[in-house]
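Asker: Data: model_23.pdb, PDB, C-alpha atoms.
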```
MODEL        1
ATOM      1  CA  MET A   1       0.173 347.117  96.416  1.00  0.00           C
ATOM      2  CA  LYS A   2      -0.591 349.530  93.584  1.00  0.00           C
ATOM      3  CA  ARG A   3      -4.205 349.757  94.747  1.00  0.00           C
ATOM      4  CA  LEU A   4      -3.050 350.883  98.167  1.00  0.00           C
ATOM      5  CA  LEU A   5      -1.164 353.774  96.548  1.00  0.00           C
ATOM      6  CA  ILE A   6      -3.837 354.733  94.019  1.00  0.00           C
ATOM      7  CA  ALA A   7      -6.834 354.710  96.402  1.00  0.00           C
ATOM      8  CA  PRO A   8      -5.629 357.610  98.631  1.00  0.00           C
ATOM      9  CA  LEU A   9      -4.621 359.610  95.556  1.00  0.00           C
ATOM     10  CA  PHE A  10      -8.034 359.108  93.954  1.00  0.00           C
ATOM     11  CA  LEU A  11      -9.804 360.010  97.194  1.00  0.00           C
ATOM     12  CA  SER A  12      -7.795 363.220  97.622  1.00  0.00           C
ATOM     13  CA  LEU A  13      -8.574 364.245  94.027  1.00  0.00           C
ATOM     14  CA  LEU A  14     -12.249 363.517  94.554  1.00  0.00           C
ATOM     15  CA  VAL A  15     -12.382 365.627  97.730  1.00  0.00           C
ATOM     16  CA  GLY A  16     -10.309 368.390  96.119  1.00  0.00           C
ATOM     17  CA  PHE A  17     -12.792 368.819  93.280  1.00  0.00           C
ATOM     18  CA  SER A  18     -15.852 368.519  95.469  1.00  0.00           C
ATOM     19  CA  PRO A  19     -18.389 371.363  95.010  1.00  0.00           C
ATOM     20  CA  GLU A  20     -18.452 371.831  98.791  1.00  0.00           C
ATOM     21  CA  ASN A  21     -14.944 373.317  98.648  1.00  0.00           C
ATOM     22  CA  ASN A  22     -16.143 376.085  96.321  1.00  0.00           C
ATOM     23  CA  LYS A  23     -19.240 376.855  98.379  1.00  0.00           C
ATOM     24  CA  ILE A  24     -19.583 380.497  99.400  1.00  0.00           C
ATOM     25  CA  VAL A  25     -20.742 380.768 102.993  1.00  0.00           C
ATOM     26  CA  LYS A  26     -23.199 383.559 103.714  1.00  0.00           C
ATOM     27  CA  GLY A  27     -21.724 386.244 106.004  1.00  0.00           C
ATOM     28  CA  GLU A  28     -18.116 385.017 105.752  1.00  0.00           C
ATOM     29  CA  TRP A  29     -15.377 387.331 104.421  1.00  0.00           C
ATOM     30  CA  ILE A  30     -13.371 385.755 101.579  1.00  0.00           C
ATOM     31  CA  SER A  31     -10.141 387.252 100.273  1.00  0.00           C
ATOM     32  CA  HIS A  32      -9.742 388.311  96.659  1.00  0.00           C
ATOM     33  CA  GLU A  33      -6.636 386.148  96.490  1.00  0.00           C
ATOM     34  CA  LYS A  34      -8.597 383.024  97.510  1.00  0.00           C
ATOM     35  CA  ILE A  35     -11.154 383.611  94.748  1.00  0.00           C
ATOM     36  CA  THR A  36      -8.849 384.640  91.905  1.00  0.00           C
ATOM     37  CA  GLY A  37      -5.555 383.057  92.932  1.00  0.00           C
ATOM     38  CA  LYS A  38      -3.713 386.383  92.783  1.00  0.00           C
ATOM     39  CA  GLN A  39      -3.250 389.477  94.904  1.00  0.00           C
ATOM     40  CA  TYR A  40      -5.432 392.488  94.131  1.00  0.00           C
ATOM     41  CA  ASN A  41      -2.832 395.239  94.443  1.00  0.00           C
ATOM     42  CA  ILE A  42       0.329 395.997  96.368  1.00  0.00           C
ATOM     43  CA  GLY A  43      -0.559 397.355  99.809  1.00  0.00           C
ATOM     44  CA  VAL A  44      -4.291 396.766  99.326  1.00  0.00           C
ATOM     45  CA  LEU A  45      -6.372 393.900 100.665  1.00  0.00           C
ATOM     46  CA  LEU A  46      -9.753 393.157  99.138  1.00  0.00           C
ATOM     47  CA  PHE A  47     -12.375 390.908 100.739  1.00  0.00           C
ATOM     48  CA  TYR A  48     -15.878 389.868  99.659  1.00  0.00           C
ATOM     49  CA  ARG A  49     -18.858 388.844 101.797  1.00  0.00           C
ATOM     50  CA  PHE A  50     -22.039 387.251 100.464  1.00  0.00           C
ATOM     51  CA  LEU A  51     -25.120 388.775 102.130  1.00  0.00           C
ATOM     52  CA  GLY A  52     -27.894 386.707 100.542  1.00  0.00           C
ATOM     53  CA  CYS A  53     -30.350 386.470  97.646  1.00  0.00           C
ATOM     54  CA  ILE A  54     -33.956 387.475  97.115  1.00  0.00           C
ATOM     55  CA  ASP A  55     -35.270 385.846  93.943  1.00  0.00           C
ATOM     56  CA  ASP A  56     -32.659 386.486  91.227  1.00  0.00           C
ATOM     57  CA  VAL A  57     -30.998 389.433  93.028  1.00  0.00           C
ATOM     58  CA  CYS A  58     -28.008 388.459  95.153  1.00  0.00           C
ATOM     59  CA  GLN A  59     -26.172 390.961  97.293  1.00  0.00           C
ATOM     60  CA  TYR A  60     -22.603 391.147  98.496  1.00  0.00           C
ATOM     61  CA  GLU A  61     -20.201 393.603 100.085  1.00  0.00           C
ATOM     62  CA  TYR A  62     -16.606 394.133  99.251  1.00  0.00           C
ATOM     63  CA  LYS A  63     -14.118 395.683 101.600  1.00  0.00           C
ATOM     64  CA  PHE A  64     -10.904 397.480 100.690  1.00  0.00           C
ATOM     65  CA  LYS A  65      -8.332 397.680 103.410  1.00  0.00           C
ATOM     66  CA  GLY A  66      -4.821 398.907 102.827  1.00  0.00           C
ATOM     67  CA  GLU A  67      -1.923 401.262 103.284  1.00  0.00           C
ATOM     68  CA  TRP A  68      -3.124 403.610 100.565  1.00  0.00           C
ATOM     69  CA  VAL A  69      -6.079 404.532 102.779  1.00  0.00           C
ATOM     70  CA  ASN A  70      -3.977 404.581 105.970  1.00  0.00           C
ATOM     71  CA  GLY A  71      -5.406 401.303 107.152  1.00  0.00           C
ATOM     72  CA  GLU A  72      -9.011 402.476 106.805  1.00  0.00           C
ATOM     73  CA  GLU A  73     -11.676 400.158 105.495  1.00  0.00           C
ATOM     74  CA  LYS A  74     -13.888 401.174 102.614  1.00  0.00           C
ATOM     75  CA  ILE A  75     -16.951 399.009 102.101  1.00  0.00           C
ATOM     76  CA  LYS A  76     -19.173 398.943  99.022  1.00  0.00           C
ATOM     77  CA  ILE A  77     -22.487 397.092  98.655  1.00  0.00           C
ATOM     78  CA  VAL A  78     -23.329 395.474  95.323  1.00  0.00           C
ATOM     79  CA  ASN A  79     -26.421 393.853  93.817  1.00  0.00           C
ATOM     80  CA  VAL A  80     -25.961 391.024  91.322  1.00  0.00           C
ATOM     81  CA  TYR A  81     -28.842 390.324  88.943  1.00  0.00           C
ATOM     82  CA  CYS A  82     -28.350 386.638  88.189  1.00  0.00           C
ATOM     83  CA  ASP A  83     -31.033 386.435  85.489  1.00  0.00           C
ATOM     84  CA  THR A  84     -29.403 389.164  83.357  1.00  0.00           C
ATOM     85  CA  LEU A  85     -25.828 388.752  84.716  1.00  0.00           C
ATOM     86  CA  GLU A  86     -25.559 392.433  85.599  1.00  0.00           C
ATOM     87  CA  VAL A  87     -24.052 394.100  88.644  1.00  0.00           C
ATOM     88  CA  GLN A  88     -24.876 397.414  90.332  1.00  0.00           C
ATOM     89  CA  GLN A  89     -23.254 399.238  93.222  1.00  0.00           C
ATOM     90  CA  ILE A  90     -26.043 400.398  95.521  1.00  0.00           C
ATOM     91  CA  GLY A  91     -24.101 402.014  98.329  1.00  0.00           C
ATOM     92  CA  THR A  92     -21.179 402.316 100.681  1.00  0.00           C
ATOM     93  CA  ARG A  93     -21.014 402.164 104.445  1.00  0.00           C
ATOM     94  CA  GLU A  94     -21.519 405.939 104.638  1.00  0.00           C
ATOM     95  CA  VAL A  95     -23.656 406.829 101.610  1.00  0.00           C
ATOM     96  CA  ASN A  96     -26.361 405.279  99.462  1.00  0.00           C
ATOM     97  CA  VAL A  97     -24.962 405.622  95.953  1.00  0.00           C
ATOM     98  CA  ILE A  98     -26.828 403.871  93.162  1.00  0.00           C
ATOM     99  CA  LEU A  99     -24.712 403.446  90.047  1.00  0.00           C
ATOM    100  CA  PRO A 100     -25.969 402.165  86.685  1.00  0.00           C
ATOM    101  CA  LYS A 101     -26.126 398.418  86.086  1.00  0.00           C
ATOM    102  CA  VAL A 102     -23.215 397.012  84.097  1.00  0.00           C
ATOM    103  CA  PRO A 103     -22.806 393.530  82.608  1.00  0.00           C
ATOM    104  CA  LEU A 104     -20.550 391.043  84.371  1.00  0.00           C
ATOM    105  CA  LYS A 105     -17.362 390.253  82.490  1.00  0.00           C
ATOM    106  CA  PHE A 106     -16.414 386.599  82.392  1.00  0.00           C
ATOM    107  CA  ASN A 107     -12.689 387.400  82.167  1.00  0.00           C
ATOM    108  CA  SER A 108     -12.694 389.993  84.970  1.00  0.00           C
ATOM    109  CA  ASP A 109     -11.384 389.347  88.474  1.00  0.00           C
ATOM    110  CA  LYS A 110     -14.024 391.731  89.841  1.00  0.00           C
ATOM    111  CA  SER A 111     -16.813 389.631  88.329  1.00  0.00           C
ATOM    112  CA  LYS A 112     -15.597 386.228  89.595  1.00  0.00           C
ATOM    113  CA  PHE A 113     -17.208 386.480  93.021  1.00  0.00           C
ATOM    114  CA  ALA A 114     -20.545 387.622  91.545  1.00  0.00           C
ATOM    115  CA  LEU A 115     -20.499 384.764  89.037  1.00  0.00           C
ATOM    116  CA  MET A 116     -19.712 382.289  91.812  1.00  0.00           C
ATOM    117  CA  ILE A 117     -22.734 383.543  93.790  1.00  0.00           C
ATOM    118  CA  CYS A 118     -25.021 383.142  90.776  1.00  0.00           C
ATOM    119  CA  GLU A 119     -23.700 379.636  90.055  1.00  0.00           C
ATOM    120  CA  GLN A 120     -24.448 378.408  93.566  1.00  0.00           C
ATOM    121  CA  SER A 121     -27.833 380.109  94.028  1.00  0.00           C
TER     122      SER A 121
ENDMDL
END
```
Can you give me the file's structure in the form of structure tokens?
Answerer:
Amino acid sequence: MKRLLIAPLFLSLLVGFSPENNKIVKGEWISHEKITGKQYNIGVLLFYRFLGCIDDVCQYEYKFKGEWVNGEEKIKIVNVYCDTLEVQQIGTREVNVILPKVPLKFNSDKSKFALMICEQS
């Protein structure tokens, strides 16, 4: 009888910790809250989208959408250098703006998505 109770519990734990659940799907928007487990800011929604990798350079977009910009979306494009663990904003939807590379921070919510991309690529 105990085996009948333990088997489903073990199976659900096994599926819950499966690497497939943490897989980032290319082209799919993922909320900041889903990645970090907490909301980004009051009145602001933040989403990330993985665009792909060429060699060690992976690219993603992040999209701000919120009341503070009257419902407008602001999209920024970012390169992640997985060999050096650096990140660089290379543009927005409207303008190509190349900012200096900065190191990823392992305790930063902003860096979690980039680190997840590098782990899976």
Asker: Give as a PyMOL selection string the residues that the PyMOL selection byres ((chain A and resi 77) around 8) matches when applied to the coordinates above.
Answerer: chain A and resi 59-62+75-76+78-79+89-93
Asker: Would you list the contacts of Val80 of chain A as a PDB file with C-alpha atoms, in the frame of the given file, taking every protein, DNA or RNA residue within 8 Å and counting all atoms listed in the file, but skipping same-chain residues closer than 3 positions in sequence?
Answerer:
```pdb
ATOM      1  CA  VAL A  57     -30.998 389.433  93.028  1.00  0.00           C
ATOM      2  CA  CYS A  58     -28.008 388.459  95.153  1.00  0.00           C
ATOM      3  CA  GLN A  59     -26.172 390.961  97.293  1.00  0.00           C
ATOM      4  CA  TYR A  60     -22.603 391.147  98.496  1.00  0.00           C
ATOM      5  CA  LEU A  85     -25.828 388.752  84.716  1.00  0.00           C
ATOM      6  CA  GLU A  86     -25.559 392.433  85.599  1.00  0.00           C
ATOM      7  CA  VAL A  87     -24.052 394.100  88.644  1.00  0.00           C
ATOM      8  CA  GLN A  88     -24.876 397.414  90.332  1.00  0.00           C
ATOM      9  CA  ALA A 114     -20.545 387.622  91.545  1.00  0.00           C
ATOM     10  CA  CYS A 118     -25.021 383.142  90.776  1.00  0.00           C
TER      11      CYS A 118
END
```
Asker: Tell me which of A:Cys82, A:Val44, A:Leu104, A:Ile98 sits closest to Ile117 of chain A, counting only C-alpha atoms.
Answerer: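 So, comparing all the options, the nearest one is A:Cys82.
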Asker: From (-12.2, 398.4, 102.1), in the file's coordinates, out to 9 Å: which residues are reached, counting all atoms listed in the file? Answer as a ChimeraX atom specification.
Answerer: /A:44-47,62-66,69,71-76
Asker: Could the residues in this selection be written to a file with C-alpha atoms, as an mmCIF file, in the frame of the given file?
Answerer:
```cif
data_model
loop_
_atom_site.group_PDB
_atom_site.id
_atom_site.type_symbol
_atom_site.label_atom_id
_atom_site.label_comp_id
_atom_site.auth_asym_id
_atom_site.auth_seq_id
_atom_site.Cartn_x
_atom_site.Cartn_y
_atom_site.Cartn_z
ATOM 1 C CA VAL A 44 -4.291 396.766 99.326
ATOM 2 C CA LEU A 45 -6.372 393.900 100.665
ATOM 3 C CA LEU A 46 -9.753 393.157 99.138
ATOM 4 C CA PHE A 47 -12.375 390.908 100.739
ATOM 5 C CA TYR A 62 -16.606 394.133 99.251
ATOM 6 C CA LYS A 63 -14.118 395.683 101.600
ATOM 7 C CA PHE A 64 -10.904 397.480 100.690
ATOM 8 C CA LYS A 65 -8.332 397.680 103.410
ATOM 9 C CA GLY A 66 -4.821 398.907 102.827
ATOM 10 C CA VAL A 69 -6.079 404.532 102.779
ATOM 11 C CA GLY A 71 -5.406 401.303 107.152
ATOM 12 C CA GLU A 72 -9.011 402.476 106.805
ATOM 13 C CA GLU A 73 -11.676 400.158 105.495
ATOM 14 C CA LYS A 74 -13.888 401.174 102.614
ATOM 15 C CA ILE A 75 -16.951 399.009 102.101
ATOM 16 C CA LYS A 76 -19.173 398.943 99.022
#
```
Asker: Can you translate the PyMOL selection byres ((chain A and resi 30-32) around 8) into the concrete residues it hits in this file, as a VMD selection string?
Answerer: chain A and resid 28 to 29 33 to 40 45 to 49
Asker: List the residues matched by the PyMOL selection byres ((chain A and resi 55) around 10) in the displayed structure as a PyMOL selection string, ordered by chain and then by residue number.
Answerer: chain A and resi 52-54+56-58+81-83+121
Asker: Edge lengths and centre in Å to one decimal, as JSON, of the axis-aligned box that encloses all listed atoms of segment 33-48 of chain A with 8 Å added on every side?
Answerer:
```
{"center_x": -7.8, "center_y": 390.2, "center_z": 96.3, "size_x": 32.2, "size_y": 30.3, "size_z": 24.8}
```
Asker: Find the distance between atom CA of Asp109 of chain A and atom CA of Val95 of chain A and write it in Å to one decimal.
Answerer: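 Result for atom CA of Asp109 of chain A versus atom CA of Val95 of chain A: 25.1 Å, one decimal.
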Asker: Mind pulling up the distance from atom CA of Thr84 of chain A to atom CA of Lys26 of chain A?
Answerer: 22.0 Å
Asker: To one decimal in Å, tell me the separation between atom CA of Pro100 of chain A and atom CA of Gly27 of chain A.
Answerer: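 So the two atoms, atom CA of Pro100 of chain A and atom CA of Gly27 of chain A, lie 25.4 Å apart.
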